[in-house]
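Engineer: Submitted below is the structure of interest, expressed as structure tokens.
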Amino acid sequence: MHMPKRNLPYSAAELASSSEVAKLIAERFHNGKSCSLMRYGDTSGRLIARPDLGTSEYEYLKSFLGLSVTPEQVDFLAGCVERSIVSADVIGLRSDLLGQDISAHILHAPDDAIRRRLVATYPIREFERTRLGPDDARRLAQTRKAMEAFVLPEGALLTDAWVHVSLAEAGFLSALMFDASSFALVTSADRRAVVERIADALPNRMRYFECPCYPKAERKWGGDHAFLWQRWMSLADAIVPSYPGEPMFISAGIWTKVIGPIWASRGGIALDVGSVMDYLDRAATRPAVLATRYGDARTVPDTLSLEAQLQSVKPLANFLI
């Protein structure tokens with residue numbers, strides 16, 4: 001018997017707040033239960049579309065998955081993204097793509113019309129409304145189409161895709177790190193300075209799993225695609241929580257949707273923290289988000305820096321109220 005499909009929220013007002021998300025995760029941690037927080041954006045949408053080899057859409061994926069990525073590997077990762085939604089307890093959605101179902105009028109619009117039609121229909125972030133190129137607009141349209149096909153678990157909290165930034169602003173992520181007897185962290189060597197400072201602040205508490213960098217960075221050192229792919233697969237095989245409810249903070253691009261569900265299925269708490277790792281290092285990535293939230297696309301606010309996060313740590317109990 002098929003369960004009725006859960007509809008997407010129509011507006012951001014219907015999404016769960018970051019405080020609701022923090023409370024759920026804190027409760028799961030307190031009770032030694034698993035939890036999975038996964039967020040979905042335009043790369044997920046393009047991946048799920050499974051573009052044909054040789055198209056501009058496929059070329060876009062190469063920048064995230066490697067120049068030698070095969071259609072079979074794209075299909076594997078797309079399947080992982082789709083399954084990660086089904087198993088998630090908290091699902092982050094792009095709030096600027098909420099609204100009516102997308103029409104063929106937008107999806108198949110010519111290059112000179114797609115941006116105009118998209119921004120007329122959805123509350124696209126102001127920073128992007130005049131900056132989107134045709135391929136960018138088409139990617140967002142594909143993301144909205146992919147969102148409509150999501151199999152959303154009935155009991156999952158649906159929240160904004162940038163909930164990880166809200167959790168960092170509130171001090172929840174640092175509170176969880178400090179409260180845990182141990183926690184795991186997945187990120188690349190690009191953020192080694194952050195990893196080292198966290199290890200210094202919390203000696204013998206962190207278990208660090210280094211993942212590959214973005215393909216462009218790996219290519220500087222002659223990174224081999226087959227070897228890097230095997231590193232990802234080996235990492236996914238190796239992760240095991242050291243106790244029920246052990247938190248894992250994951251900043252691993254699209255591979256977060258592979259690693260996170262595995263960690264949660266083995267009893268841990270998987271948190272997709274994405275660009276928060278960049279912000280801890282004061283790296284101003286995701287300019288549209290920085291501009292929308294803080295009014296400056298080129299500067300990370302002090303509250304998100306690692307120094308600020310470590311200086312004023314709140315009790316985790318604050319988030320259980």
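How things are named: the first chain in the structure tokens is A, the next is B, and so on; residues count from 1 in each chain; ligands count from 1 in the order shown.
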Need the shell around stretch 302-306 of chain A: protein/DNA/RNA residues with any atom at most 8 Å away, counting only C-alpha atoms. Skip same-chain ones fewer than 6 positions apart. Format as an NGL selection string?
Structural biologist: :A and (168-169 or 194 or 276 or 279-282)
Engineer: Could you name the residues that touch stretch 29-44 of chain A at 6 Å or less, counting only C-alpha atoms, but leaving out those on the same chain fewer than 4 positions away, as a PDB file with C-alpha atoms, in the first residue's frame?
Structural biologist:
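Saved as part_10.pdb:
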```
ATOM      1  CA  ALA A  88      16.495  12.139   6.895  1.00  0.00           C
ATOM      2  CA  ASP A  89      15.015  13.459  10.140  1.00  0.00           C
ATOM      3  CA  VAL A  90      15.615  17.108   9.203  1.00  0.00           C
ATOM      4  CA  ILE A  91      15.494  18.246   5.575  1.00  0.00           C
ATOM      5  CA  GLY A  92      16.817  21.639   4.486  1.00  0.00           C
ATOM      6  CA  LEU A  93      15.077  23.081   1.420  1.00  0.00           C
ATOM      7  CA  LEU A 140      17.560  26.509 -10.113  1.00  0.00           C
ATOM      8  CA  THR A 143      16.318  22.094  -8.509  1.00  0.00           C
ATOM      9  CA  ALA A 161      18.573  24.940   3.580  1.00  0.00           C
ATOM     10  CA  PRO A 244      25.077   5.770  20.170  1.00  0.00           C
ATOM     11  CA  GLY A 245      24.274   9.349  19.233  1.00  0.00           C
ATOM     12  CA  ALA A 264      23.041   7.813  11.062  1.00  0.00           C
ATOM     13  CA  GLY A 267      23.547   4.995  15.297  1.00  0.00           C
ATOM     14  CA  GLY A 268      25.191   8.412  15.068  1.00  0.00           C
ATOM     15  CA  ILE A 269      23.957  11.966  14.574  1.00  0.00           C
ATOM     16  CA  ALA A 270      24.851  13.229  11.088  1.00  0.00           C
ATOM     17  CA  LEU A 271      24.918  16.997  10.626  1.00  0.00           C
ATOM     18  CA  ASP A 272      25.366  18.560   7.199  1.00  0.00           C
TER      19      ASP A 272
END
```
Engineer: List every residue of stretch 83-308 of chain A that DSSP, applied to the backbone of this structure, assigns to strand (DSSP E or B), and report them as a PyMOL selection string.
Structural biologist: chain A and resi 90-93+157-160+183-188+206-211+247-250+269-272
Engineer: Please, could you write that set of residues out with N, CA, C and O atoms as an mmCIF file, in the first residue's frame?
Structural biologist:
```cif
data_model
loop_
_atom_site.group_PDB
_atom_site.id
_atom_site.type_symbol
_atom_site.label_atom_id
_atom_site.label_comp_id
_atom_site.auth_asym_id
_atom_site.auth_seq_id
_atom_site.Cartn_x
_atom_site.Cartn_y
_atom_site.Cartn_z
ATOM 1 N N VAL A 90 15.740 15.672 9.452
ATOM 2 C CA VAL A 90 15.615 17.108 9.203
ATOM 3 C C VAL A 90 16.060 17.347 7.765
ATOM 4 O O VAL A 90 17.138 16.910 7.367
ATOM 5 N N ILE A 91 15.222 18.031 6.994
ATOM 6 C CA ILE A 91 15.494 18.246 5.575
ATOM 7 C C ILE A 91 15.521 19.738 5.295
ATOM 8 O O ILE A 91 14.526 20.450 5.508
ATOM 9 N N GLY A 92 16.675 20.232 4.835
ATOM 10 C CA GLY A 92 16.817 21.639 4.486
ATOM 11 C C GLY A 92 16.473 21.873 3.030
ATOM 12 O O GLY A 92 17.040 21.236 2.144
ATOM 13 N N LEU A 93 15.538 22.783 2.768
ATOM 14 C CA LEU A 93 15.077 23.081 1.420
ATOM 15 C C LEU A 93 15.363 24.544 1.088
ATOM 16 O O LEU A 93 15.305 25.413 1.968
ATOM 17 N N LEU A 157 11.321 16.968 10.010
ATOM 18 C CA LEU A 157 11.198 18.417 10.053
ATOM 19 C C LEU A 157 11.689 18.984 8.729
ATOM 20 O O LEU A 157 12.777 18.630 8.266
ATOM 21 N N LEU A 158 10.909 19.866 8.119
ATOM 22 C CA LEU A 158 11.322 20.562 6.911
ATOM 23 C C LEU A 158 11.728 21.972 7.314
ATOM 24 O O LEU A 158 10.973 22.686 7.977
ATOM 25 N N THR A 159 12.922 22.363 6.918
ATOM 26 C CA THR A 159 13.456 23.641 7.356
ATOM 27 C C THR A 159 14.194 24.304 6.208
ATOM 28 O O THR A 159 14.256 23.776 5.092
ATOM 29 N N ASP A 160 14.757 25.477 6.466
ATOM 30 C CA ASP A 160 15.490 26.202 5.435
ATOM 31 C C ASP A 160 16.847 25.545 5.179
ATOM 32 O O ASP A 160 17.489 25.032 6.103
ATOM 33 N N PHE A 183 33.342 13.481 19.257
ATOM 34 C CA PHE A 183 32.555 13.784 18.056
ATOM 35 C C PHE A 183 33.456 13.567 16.848
ATOM 36 O O PHE A 183 34.682 13.565 16.946
ATOM 37 N N ALA A 184 32.829 13.373 15.700
ATOM 38 C CA ALA A 184 33.567 13.165 14.458
ATOM 39 C C ALA A 184 33.416 14.396 13.566
ATOM 40 O O ALA A 184 32.422 15.123 13.633
ATOM 41 N N LEU A 185 34.431 14.617 12.737
ATOM 42 C CA LEU A 185 34.425 15.745 11.812
ATOM 43 C C LEU A 185 34.936 15.278 10.458
ATOM 44 O O LEU A 185 35.980 14.628 10.370
ATOM 45 N N VAL A 186 34.187 15.596 9.415
ATOM 46 C CA VAL A 186 34.597 15.280 8.050
ATOM 47 C C VAL A 186 34.729 16.577 7.276
ATOM 48 O O VAL A 186 33.755 17.316 7.107
ATOM 49 N N THR A 187 35.931 16.883 6.829
ATOM 50 C CA THR A 187 36.172 18.011 5.948
ATOM 51 C C THR A 187 37.500 17.770 5.243
ATOM 52 O O THR A 187 38.190 16.786 5.520
ATOM 53 N N SER A 188 37.865 18.665 4.350
ATOM 54 C CA SER A 188 39.075 18.454 3.559
ATOM 55 C C SER A 188 40.275 19.182 4.153
ATOM 56 O O SER A 188 40.159 19.964 5.100
ATOM 57 N N MET A 206 38.004 14.958 19.408
ATOM 58 C CA MET A 206 37.613 14.946 18.008
ATOM 59 C C MET A 206 38.216 13.756 17.268
ATOM 60 O O MET A 206 39.375 13.418 17.456
ATOM 61 N N ARG A 207 37.389 13.136 16.420
ATOM 62 C CA ARG A 207 37.862 12.105 15.495
ATOM 63 C C ARG A 207 37.751 12.686 14.094
ATOM 64 O O ARG A 207 36.646 12.919 13.608
ATOM 65 N N TYR A 208 38.871 12.921 13.456
ATOM 66 C CA TYR A 208 38.892 13.619 12.177
ATOM 67 C C TYR A 208 39.027 12.636 11.017
ATOM 68 O O TYR A 208 39.937 11.817 10.972
ATOM 69 N N PHE A 209 38.080 12.737 10.077
ATOM 70 C CA PHE A 209 38.117 11.939 8.852
ATOM 71 C C PHE A 209 38.337 12.911 7.692
ATOM 72 O O PHE A 209 37.425 13.653 7.313
ATOM 73 N N GLU A 210 39.547 12.912 7.157
ATOM 74 C CA GLU A 210 39.859 13.856 6.073
ATOM 75 C C GLU A 210 39.310 13.340 4.745
ATOM 76 O O GLU A 210 39.581 12.211 4.342
ATOM 77 N N CYS A 211 38.543 14.171 4.075
ATOM 78 C CA CYS A 211 37.999 13.808 2.768
ATOM 79 C C CYS A 211 38.761 14.564 1.682
ATOM 80 O O CYS A 211 39.477 15.534 1.966
ATOM 81 N N PRO A 247 27.883 12.698 17.592
ATOM 82 C CA PRO A 247 27.682 13.649 16.499
ATOM 83 C C PRO A 247 28.805 13.573 15.465
ATOM 84 O O PRO A 247 29.974 13.375 15.818
ATOM 85 N N MET A 248 28.448 13.737 14.207
ATOM 86 C CA MET A 248 29.420 13.901 13.128
ATOM 87 C C MET A 248 29.065 15.177 12.377
ATOM 88 O O MET A 248 27.953 15.339 11.893
ATOM 89 N N PHE A 249 30.031 16.086 12.287
ATOM 90 C CA PHE A 249 29.874 17.340 11.562
ATOM 91 C C PHE A 249 30.512 17.144 10.185
ATOM 92 O O PHE A 249 31.710 16.887 10.094
ATOM 93 N N ILE A 250 29.693 17.278 9.132
ATOM 94 C CA ILE A 250 30.142 16.892 7.797
ATOM 95 C C ILE A 250 30.123 18.085 6.847
ATOM 96 O O ILE A 250 29.096 18.737 6.659
ATOM 97 N N ILE A 269 24.684 10.762 14.966
ATOM 98 C CA ILE A 269 23.957 11.966 14.574
ATOM 99 C C ILE A 269 24.753 12.634 13.465
ATOM 100 O O ILE A 269 25.890 13.072 13.681
ATOM 101 N N ALA A 270 24.176 12.691 12.265
ATOM 102 C CA ALA A 270 24.851 13.229 11.088
ATOM 103 C C ALA A 270 24.361 14.638 10.815
ATOM 104 O O ALA A 270 23.167 14.847 10.604
ATOM 105 N N LEU A 271 25.277 15.595 10.813
ATOM 106 C CA LEU A 271 24.918 16.997 10.626
ATOM 107 C C LEU A 271 25.633 17.555 9.399
ATOM 108 O O LEU A 271 26.862 17.629 9.358
ATOM 109 N N ASP A 272 24.856 17.953 8.417
ATOM 110 C CA ASP A 272 25.366 18.560 7.199
ATOM 111 C C ASP A 272 25.655 20.035 7.496
ATOM 112 O O ASP A 272 24.762 20.870 7.460
#
```
Engineer: Which one is closest to A:Asp136: A:Asp96, A:Ser174, A:Ala120, A:Arg46? Count only C-alpha atoms.
Structural biologist: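 Counting only C-alpha atoms, the residue closest to A:Asp136 is A:Arg46.
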Engineer: Which of these residues is nearest to A:Pro71, using only C-alpha atoms: A:Val240, A:Ala291, A:Leu47, A:Leu202?
Structural biologist: A:Leu47
Engineer: Could you list, as a PyMOL selection string, every residue within 8 Å of A:Phe319, counting only C-alpha atoms and ignoring same-chain residues fewer than 5 positions away?
Structural biologist: chain A and resi 19+22-23+26+172
Engineer: Write the selection just made, keeping all heavy atoms, as a compact mmCIF listing (two decimals), in the first residue's frame?
Structural biologist:
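Generated file (again25.txt):
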```
# COMPACT_ATOMS: atom_id res chain seq x y z
N SER A 19 15.44 26.77 16.00
CA SER A 19 15.34 26.36 17.41
C SER A 19 14.62 25.01 17.52
O SER A 19 14.98 24.18 18.37
CB SER A 19 14.61 27.43 18.23
OG SER A 19 13.31 27.66 17.73
N ALA A 22 17.28 22.49 16.49
CA ALA A 22 18.27 22.31 17.55
C ALA A 22 17.70 21.45 18.68
O ALA A 22 18.39 20.57 19.22
CB ALA A 22 18.71 23.67 18.09
N LYS A 23 16.44 21.69 19.04
CA LYS A 23 15.83 20.91 20.12
C LYS A 23 15.73 19.44 19.75
O LYS A 23 16.05 18.56 20.58
CB LYS A 23 14.44 21.46 20.43
CG LYS A 23 13.77 20.75 21.61
CD LYS A 23 12.42 21.38 21.94
CE LYS A 23 11.78 20.66 23.14
NZ LYS A 23 10.46 21.24 23.47
N ALA A 26 19.28 17.95 19.90
CA ALA A 26 19.73 17.86 21.30
C ALA A 26 19.02 16.72 22.03
O ALA A 26 19.64 15.99 22.82
CB ALA A 26 19.49 19.19 22.02
N PHE A 172 24.63 26.61 18.72
CA PHE A 172 24.25 25.22 18.94
C PHE A 172 25.36 24.24 18.54
O PHE A 172 25.62 23.26 19.26
CB PHE A 172 22.98 24.88 18.17
CG PHE A 172 22.61 23.42 18.27
CD1 PHE A 172 22.07 22.91 19.44
CD2 PHE A 172 22.83 22.55 17.21
CE1 PHE A 172 21.75 21.55 19.55
CE2 PHE A 172 22.51 21.20 17.30
CZ PHE A 172 21.97 20.71 18.47
```
